[in-house]
Amino acid sequence: MELKVYVHRVSQPSRALLIFNKMNGIEFEEISIDLTKGQHKSPEFLEINPMGQVPAIVHVDFKLFESHAIYIYLASVYGVADHWYPSDLQKRAKVHSVLDWHHSNLRRGSVLYVLNTKLAPAFGLPLNPQAAAEGEKLLLCALNTIDTVWLTDSGPFLVGAEQPSVADLSLVCEIMQFEFLDEDDRSRILGPYKRVQKWIEDVKDATKSHFDEVHDTLYKFSAMLKQKQKPAGEKSEA
């Protein structure tokens, strides 16, 4: 296989990349890098991505990391459907504007909040309430920006598009990390943003042939953590 994709399905950008490849019929070998076991810090993987993060790819002998760069490269190499990465330069620039915004806003807020309220112990880290509070503030601001800026009345997807782009996929997979949160917490955060909720469902529907299959590991990992975090003596539902 000329394309090897190094991912962990608990990782938001890993899932987005897998869905992107599958939706576009790109043949690849999936190589799992288990973040909970520290495989992303192994000498072998650091040869591929010295940053020690997933996803990363090796295409023949070309190594590349950072998910947004990977989308752009693969879209260019494999000639994917135009809506994923538009050939029209102005539409493409709008997609880039969302991707550039994403890392410092939605992604940063989501990672800080979810990691420091639920996920940190799975990676051998302590919970950090101060970081969680900072993450929540960023997260709520980011959701409001999606609702009022990136979603418009001219189309159901980001920047008014009629079909999803790599930006939609990247952001929705980020929001799917909310699966780790308690139901009340998830509802409190997403509840005020009905437009965002509809957009999430639209992206899921547009990618339904692969969305749930790629997210199955996330669903199972989330259920396992919630079971472990139940107070002593609390029984599971039948």
# chains A, B, ... in the order shown; residues from 1 in each chain; ligands from 1
>>> residues_around(residues="range 71-88 of chain A", least_positions_apart="4", cutoff="6 Å", atoms="only C-alpha atoms", output="PyMOL selection string")
chain A and resi 24+92+165-166
>>> residues_around(residues="range 30-38 of chain A", least_positions_apart="6", cutoff="7 Å", atoms="only C-alpha atoms", output="PyMOL selection string")
chain A and resi 4-8+122-123
>>> atom_distance(atom1="CA of Gly135 in chain A", atom2="CA of Phe65 in chain A")
24.9 Å
>>> closest_residue(among="A:Glu179, A:Pro43, A:Phe20, A:Pro126", to="Lys220 in chain A", atoms="only C-alpha atoms")
A:Glu179
>>> residues_around(residues="Leu218 in chain A", least_positions_apart="2", cutoff="8 Å", atoms="only C-alpha atoms", output="tab-separated table (two decimals) with all heavy atoms, in the first residue's frame")
chain	number	residue	atom	x	y	z
A	9	ARG	N	-7.99	6.25	16.94
A	9	ARG	CA	-9.37	6.66	16.70
A	9	ARG	C	-10.00	7.42	17.87
A	9	ARG	O	-11.11	7.92	17.74
A	9	ARG	CB	-10.22	5.45	16.32
A	9	ARG	CG	-9.86	4.90	14.93
A	9	ARG	CD	-10.86	3.90	14.44
A	9	ARG	NE	-10.51	3.43	13.09
A	9	ARG	CZ	-11.39	2.90	12.25
A	9	ARG	NH1	-12.65	2.77	12.60
A	9	ARG	NH2	-11.00	2.49	11.05
A	10	VAL	N	-9.30	7.54	18.98
A	10	VAL	CA	-9.74	8.43	20.04
A	10	VAL	C	-9.36	9.88	19.71
A	10	VAL	O	-9.92	10.83	20.25
A	10	VAL	CB	-9.17	7.99	21.41
A	10	VAL	CG1	-9.45	9.00	22.52
A	10	VAL	CG2	-9.76	6.63	21.80
A	179	GLU	N	-18.57	13.44	23.62
A	179	GLU	CA	-19.06	12.13	24.03
A	179	GLU	C	-18.49	11.72	25.39
A	179	GLU	O	-19.09	10.93	26.12
A	179	GLU	CB	-18.68	11.07	22.99
A	179	GLU	CG	-19.49	11.12	21.72
A	179	GLU	CD	-20.93	10.71	21.93
A	179	GLU	OE1	-21.17	9.72	22.66
A	179	GLU	OE2	-21.81	11.37	21.35
A	215	HIS	N	-16.23	6.33	14.39
A	215	HIS	CA	-16.39	6.81	15.76
A	215	HIS	C	-16.66	5.69	16.77
A	215	HIS	O	-16.76	5.97	17.97
A	215	HIS	CB	-17.50	7.86	15.83
A	215	HIS	CG	-17.05	9.23	15.41
A	215	HIS	ND1	-16.96	9.61	14.09
A	215	HIS	CD2	-16.63	10.29	16.14
A	215	HIS	CE1	-16.51	10.85	14.02
A	215	HIS	NE2	-16.30	11.28	15.24
A	216	ASP	N	-16.77	4.45	16.31
A	216	ASP	CA	-17.13	3.37	17.22
A	216	ASP	C	-16.13	3.23	18.36
A	216	ASP	O	-16.51	2.98	19.51
A	216	ASP	CB	-17.24	2.05	16.44
A	216	ASP	CG	-17.78	0.93	17.30
A	216	ASP	OD1	-18.90	1.07	17.81
A	216	ASP	OD2	-17.08	-0.09	17.47
A	220	LYS	N	-17.03	3.45	22.42
A	220	LYS	CA	-16.70	2.38	23.36
A	220	LYS	C	-15.73	2.87	24.44
A	220	LYS	O	-15.87	2.52	25.63
A	220	LYS	CB	-16.10	1.19	22.61
A	220	LYS	CG	-17.11	0.45	21.75
A	220	LYS	CD	-16.47	-0.68	20.96
A	220	LYS	CE	-17.51	-1.43	20.13
A	220	LYS	NZ	-16.89	-2.48	19.27
A	221	PHE	N	-14.74	3.67	24.05
A	221	PHE	CA	-13.77	4.19	25.02
A	221	PHE	C	-14.46	5.11	26.01
A	221	PHE	O	-14.19	5.07	27.22
A	221	PHE	CB	-12.66	4.93	24.28
A	221	PHE	CG	-11.47	5.28	25.12
A	221	PHE	CD1	-10.70	4.29	25.71
A	221	PHE	CD2	-11.10	6.60	25.33
A	221	PHE	CE1	-9.59	4.60	26.49
A	221	PHE	CE2	-10.01	6.92	26.10
A	221	PHE	CZ	-9.25	5.92	26.69
A	222	SER	N	-15.38	5.93	25.52
A	222	SER	CA	-16.15	6.83	26.39
A	222	SER	C	-16.99	6.03	27.39
A	222	SER	O	-17.02	6.34	28.59
A	222	SER	CB	-17.05	7.73	25.54
A	222	SER	OG	-17.94	8.47	26.35
>>> residues_around(residues="Glu174 in chain A", least_positions_apart="6", cutoff="9 Å", atoms="only C-alpha atoms", output="PyMOL selection string")
chain A and resi 11-13+16+106-107+110-111
>>> write_last_selection(atoms="all heavy atoms", output="compact mmCIF listing (two decimals), in the first residue's frame")
# COMPACT_ATOMS: atom_id res chain seq x y z
N SER A 11 -8.42 10.05 18.81
CA SER A 11 -7.94 11.37 18.39
C SER A 11 -8.90 11.99 17.37
O SER A 11 -9.22 11.39 16.35
CB SER A 11 -6.54 11.22 17.77
OG SER A 11 -6.28 12.21 16.81
N GLN A 12 -9.32 13.22 17.66
CA GLN A 12 -10.27 13.93 16.80
C GLN A 12 -9.77 14.06 15.36
O GLN A 12 -10.49 13.68 14.42
CB GLN A 12 -10.57 15.33 17.36
CG GLN A 12 -11.00 15.36 18.81
CD GLN A 12 -9.84 15.53 19.77
OE1 GLN A 12 -8.93 14.71 19.79
NE2 GLN A 12 -9.88 16.57 20.59
N PRO A 13 -8.58 14.63 15.12
CA PRO A 13 -8.11 14.78 13.74
C PRO A 13 -7.83 13.45 13.06
O PRO A 13 -7.92 13.35 11.82
CB PRO A 13 -6.85 15.63 13.86
CG PRO A 13 -6.42 15.54 15.28
CD PRO A 13 -7.66 15.32 16.07
N ALA A 16 -11.22 12.40 11.66
CA ALA A 16 -11.59 13.23 10.51
C ALA A 16 -10.83 12.78 9.26
O ALA A 16 -11.41 12.69 8.17
CB ALA A 16 -11.30 14.71 10.81
N LEU A 106 -11.76 26.54 18.71
CA LEU A 106 -12.54 25.36 19.07
C LEU A 106 -11.66 24.23 19.58
O LEU A 106 -11.95 23.63 20.62
CB LEU A 106 -13.35 24.89 17.86
CG LEU A 106 -14.17 23.61 18.09
CD1 LEU A 106 -15.26 23.85 19.13
CD2 LEU A 106 -14.77 23.10 16.79
N ARG A 107 -10.59 23.90 18.85
CA ARG A 107 -9.76 22.76 19.25
C ARG A 107 -9.09 23.02 20.60
O ARG A 107 -9.09 22.15 21.47
CB ARG A 107 -8.72 22.45 18.18
CG ARG A 107 -7.81 21.29 18.59
CD ARG A 107 -7.19 20.60 17.41
NE ARG A 107 -6.24 19.57 17.81
CZ ARG A 107 -6.57 18.39 18.31
NH1 ARG A 107 -7.83 18.08 18.50
NH2 ARG A 107 -5.64 17.50 18.65
N SER A 110 -11.76 22.80 23.35
CA SER A 110 -12.24 21.44 23.52
C SER A 110 -11.21 20.57 24.23
O SER A 110 -11.53 19.84 25.18
CB SER A 110 -12.60 20.83 22.16
OG SER A 110 -12.90 19.47 22.27
N VAL A 111 -9.96 20.64 23.78
CA VAL A 111 -8.90 19.82 24.39
C VAL A 111 -8.73 20.18 25.86
O VAL A 111 -8.67 19.30 26.73
CB VAL A 111 -7.58 19.98 23.62
CG1 VAL A 111 -6.43 19.37 24.40
CG2 VAL A 111 -7.69 19.33 22.24
>>> select_by_dssp(residues="range 55-155 of chain A", states="alpha helix (DSSP H)", output="PDB file with C-alpha atoms, in the first residue's frame")
ATOM      1  CA  SER A  67      -4.040  17.024   9.760  1.00  0.00           C
ATOM      2  CA  HIS A  68      -4.913  20.168   7.799  1.00  0.00           C
ATOM      3  CA  ALA A  69      -1.737  19.878   5.729  1.00  0.00           C
ATOM      4  CA  ILE A  70      -2.534  16.213   5.123  1.00  0.00           C
ATOM      5  CA  TYR A  71      -6.035  17.010   3.803  1.00  0.00           C
ATOM      6  CA  ILE A  72      -4.621  19.525   1.366  1.00  0.00           C
ATOM      7  CA  TYR A  73      -1.907  17.170   0.177  1.00  0.00           C
ATOM      8  CA  LEU A  74      -4.215  14.181  -0.292  1.00  0.00           C
ATOM      9  CA  ALA A  75      -6.902  16.279  -1.974  1.00  0.00           C
ATOM     10  CA  SER A  76      -4.285  17.478  -4.445  1.00  0.00           C
ATOM     11  CA  VAL A  77      -2.744  14.047  -5.051  1.00  0.00           C
ATOM     12  CA  TYR A  78      -5.954  12.051  -5.359  1.00  0.00           C
ATOM     13  CA  LEU A  89      -9.652  30.108  -4.939  1.00  0.00           C
ATOM     14  CA  GLN A  90     -12.089  32.265  -3.007  1.00  0.00           C
ATOM     15  CA  LYS A  91     -14.029  29.261  -1.711  1.00  0.00           C
ATOM     16  CA  ARG A  92     -10.730  27.566  -0.868  1.00  0.00           C
ATOM     17  CA  ALA A  93      -9.559  30.648   1.017  1.00  0.00           C
ATOM     18  CA  LYS A  94     -12.732  30.537   3.120  1.00  0.00           C
ATOM     19  CA  VAL A  95     -12.074  26.901   4.000  1.00  0.00           C
ATOM     20  CA  HIS A  96      -8.536  27.857   5.009  1.00  0.00           C
ATOM     21  CA  SER A  97      -9.861  30.681   7.177  1.00  0.00           C
ATOM     22  CA  VAL A  98     -11.946  28.192   9.190  1.00  0.00           C
ATOM     23  CA  LEU A  99      -9.060  25.726   9.492  1.00  0.00           C
ATOM     24  CA  ASP A 100      -6.668  28.456  10.650  1.00  0.00           C
ATOM     25  CA  TRP A 101      -9.208  29.638  13.232  1.00  0.00           C
ATOM     26  CA  HIS A 102      -9.968  26.128  14.438  1.00  0.00           C
ATOM     27  CA  ARG A 108      -7.862  24.488  22.048  1.00  0.00           C
ATOM     28  CA  GLY A 109     -11.023  24.985  24.083  1.00  0.00           C
ATOM     29  CA  SER A 110     -12.243  21.441  23.523  1.00  0.00           C
ATOM     30  CA  VAL A 111      -8.904  19.822  24.386  1.00  0.00           C
ATOM     31  CA  LEU A 112      -8.455  21.891  27.546  1.00  0.00           C
ATOM     32  CA  TYR A 113     -11.984  21.279  28.776  1.00  0.00           C
ATOM     33  CA  VAL A 114     -12.488  17.605  27.934  1.00  0.00           C
ATOM     34  CA  PRO A 129      -9.737  22.565  37.195  1.00  0.00           C
ATOM     35  CA  GLN A 130      -8.082  25.879  36.297  1.00  0.00           C
ATOM     36  CA  ALA A 131      -7.249  24.660  32.790  1.00  0.00           C
ATOM     37  CA  ALA A 132     -10.777  23.238  32.497  1.00  0.00           C
ATOM     38  CA  ALA A 133     -12.256  26.647  33.327  1.00  0.00           C
ATOM     39  CA  GLU A 134     -10.060  28.315  30.700  1.00  0.00           C
ATOM     40  CA  GLY A 135     -11.074  25.646  28.194  1.00  0.00           C
ATOM     41  CA  GLU A 136     -14.776  26.099  28.884  1.00  0.00           C
ATOM     42  CA  LYS A 137     -14.541  29.830  28.291  1.00  0.00           C
ATOM     43  CA  LEU A 138     -12.747  29.287  24.967  1.00  0.00           C
ATOM     44  CA  LEU A 139     -15.137  26.513  23.999  1.00  0.00           C
ATOM     45  CA  LEU A 140     -18.310  28.517  24.562  1.00  0.00           C
ATOM     46  CA  CYS A 141     -16.856  31.462  22.657  1.00  0.00           C
ATOM     47  CA  ALA A 142     -15.892  29.146  19.778  1.00  0.00           C
ATOM     48  CA  LEU A 143     -19.354  27.576  19.568  1.00  0.00           C
ATOM     49  CA  ASN A 144     -20.876  31.036  19.467  1.00  0.00           C
ATOM     50  CA  THR A 145     -18.513  31.990  16.633  1.00  0.00           C
TER      51      THR A 145
END
>>> residues_around(residues="His59 in chain A", least_positions_apart="4", cutoff="7 Å", atoms="only C-alpha atoms", output="PyMOL selection string")
chain A and resi 2-4+63
>>> atom_distance(atom1="CA of Pro164 in chain A", atom2="CA of Ser187 in chain A")
24.6 Å
>>> closest_residue(among="A:Asn128, A:Ser104, A:Gln39, A:Gln163", to="Gln53 in chain A", atoms="only C-alpha atoms")
A:Gln39
>>> residues_around(residues="Asp168 in chain A", least_positions_apart="5", cutoff="8 Å", atoms="only C-alpha atoms", output="list of chain:residue names")
A:Phe157, A:Leu158, A:Val203
>>> write_last_selection(atoms="N, CA, C and O atoms", output="CSV table (one decimal), in the first residue's frame")
chain,number,residue,atom,x,y,z
A,157,PHE,N,-23.7,24.1,5.4
A,157,PHE,CA,-22.4,23.8,5.9
A,157,PHE,C,-21.6,25.1,6.1
A,157,PHE,O,-22.0,26.2,5.9
A,158,LEU,N,-20.4,25.0,6.7
A,158,LEU,CA,-19.6,26.1,7.0
A,158,LEU,C,-19.3,27.0,5.8
A,158,LEU,O,-19.2,26.5,4.7
A,203,VAL,N,-23.6,17.1,8.9
A,203,VAL,CA,-22.3,16.5,8.6
A,203,VAL,C,-22.4,15.0,8.8
A,203,VAL,O,-21.9,14.3,8.0
>>> select_by_dssp(residues="range 38-178 of chain A", states="strand (DSSP E)", output="PyMOL selection string")
chain A and resi 56-59+62-65
>>> write_last_selection(atoms="N, CA, C and O atoms", output="PDB file, in the first residue's frame")
ATOM      1  N   ALA A  56      -0.463  11.156  11.154  1.00  0.00           N
ATOM      2  CA  ALA A  56       0.671  11.386  10.265  1.00  0.00           C
ATOM      3  C   ALA A  56       0.532  10.396   9.119  1.00  0.00           C
ATOM      4  O   ALA A  56      -0.182   9.401   9.236  1.00  0.00           O
ATOM      5  N   ILE A  57       1.181  10.697   8.005  1.00  0.00           N
ATOM      6  CA  ILE A  57       1.123   9.778   6.860  1.00  0.00           C
ATOM      7  C   ILE A  57       2.515   9.566   6.297  1.00  0.00           C
ATOM      8  O   ILE A  57       3.417  10.393   6.480  1.00  0.00           O
ATOM      9  N   VAL A  58       2.645   8.433   5.623  1.00  0.00           N
ATOM     10  CA  VAL A  58       3.795   8.195   4.754  1.00  0.00           C
ATOM     11  C   VAL A  58       3.220   7.799   3.401  1.00  0.00           C
ATOM     12  O   VAL A  58       2.520   6.791   3.288  1.00  0.00           O
ATOM     13  N   HIS A  59       3.478   8.631   2.396  1.00  0.00           N
ATOM     14  CA  HIS A  59       3.003   8.362   1.037  1.00  0.00           C
ATOM     15  C   HIS A  59       4.218   7.988   0.196  1.00  0.00           C
ATOM     16  O   HIS A  59       5.029   8.854  -0.151  1.00  0.00           O
ATOM     17  N   PHE A  62       7.316   9.826   1.284  1.00  0.00           N
ATOM     18  CA  PHE A  62       7.083  11.198   1.734  1.00  0.00           C
ATOM     19  C   PHE A  62       6.331  11.186   3.062  1.00  0.00           C
ATOM     20  O   PHE A  62       5.245  10.626   3.168  1.00  0.00           O
ATOM     21  N   LYS A  63       6.928  11.804   4.086  1.00  0.00           N
ATOM     22  CA  LYS A  63       6.321  11.850   5.414  1.00  0.00           C
ATOM     23  C   LYS A  63       5.669  13.215   5.632  1.00  0.00           C
ATOM     24  O   LYS A  63       6.238  14.253   5.269  1.00  0.00           O
ATOM     25  N   LEU A  64       4.485  13.192   6.233  1.00  0.00           N
ATOM     26  CA  LEU A  64       3.773  14.450   6.477  1.00  0.00           C
ATOM     27  C   LEU A  64       2.936  14.320   7.744  1.00  0.00           C
ATOM     28  O   LEU A  64       2.337  13.276   8.003  1.00  0.00           O
ATOM     29  N   PHE A  65       2.913  15.397   8.531  1.00  0.00           N
ATOM     30  CA  PHE A  65       2.056  15.439   9.710  1.00  0.00           C
ATOM     31  C   PHE A  65       1.325  16.782   9.733  1.00  0.00           C
ATOM     32  O   PHE A  65       1.570  17.628   8.883  1.00  0.00           O
TER      33      PHE A  65
END
>>> atom_distance(atom1="CA of Val196 in chain A", atom2="CA of Ser209 in chain A")
21.4 Å
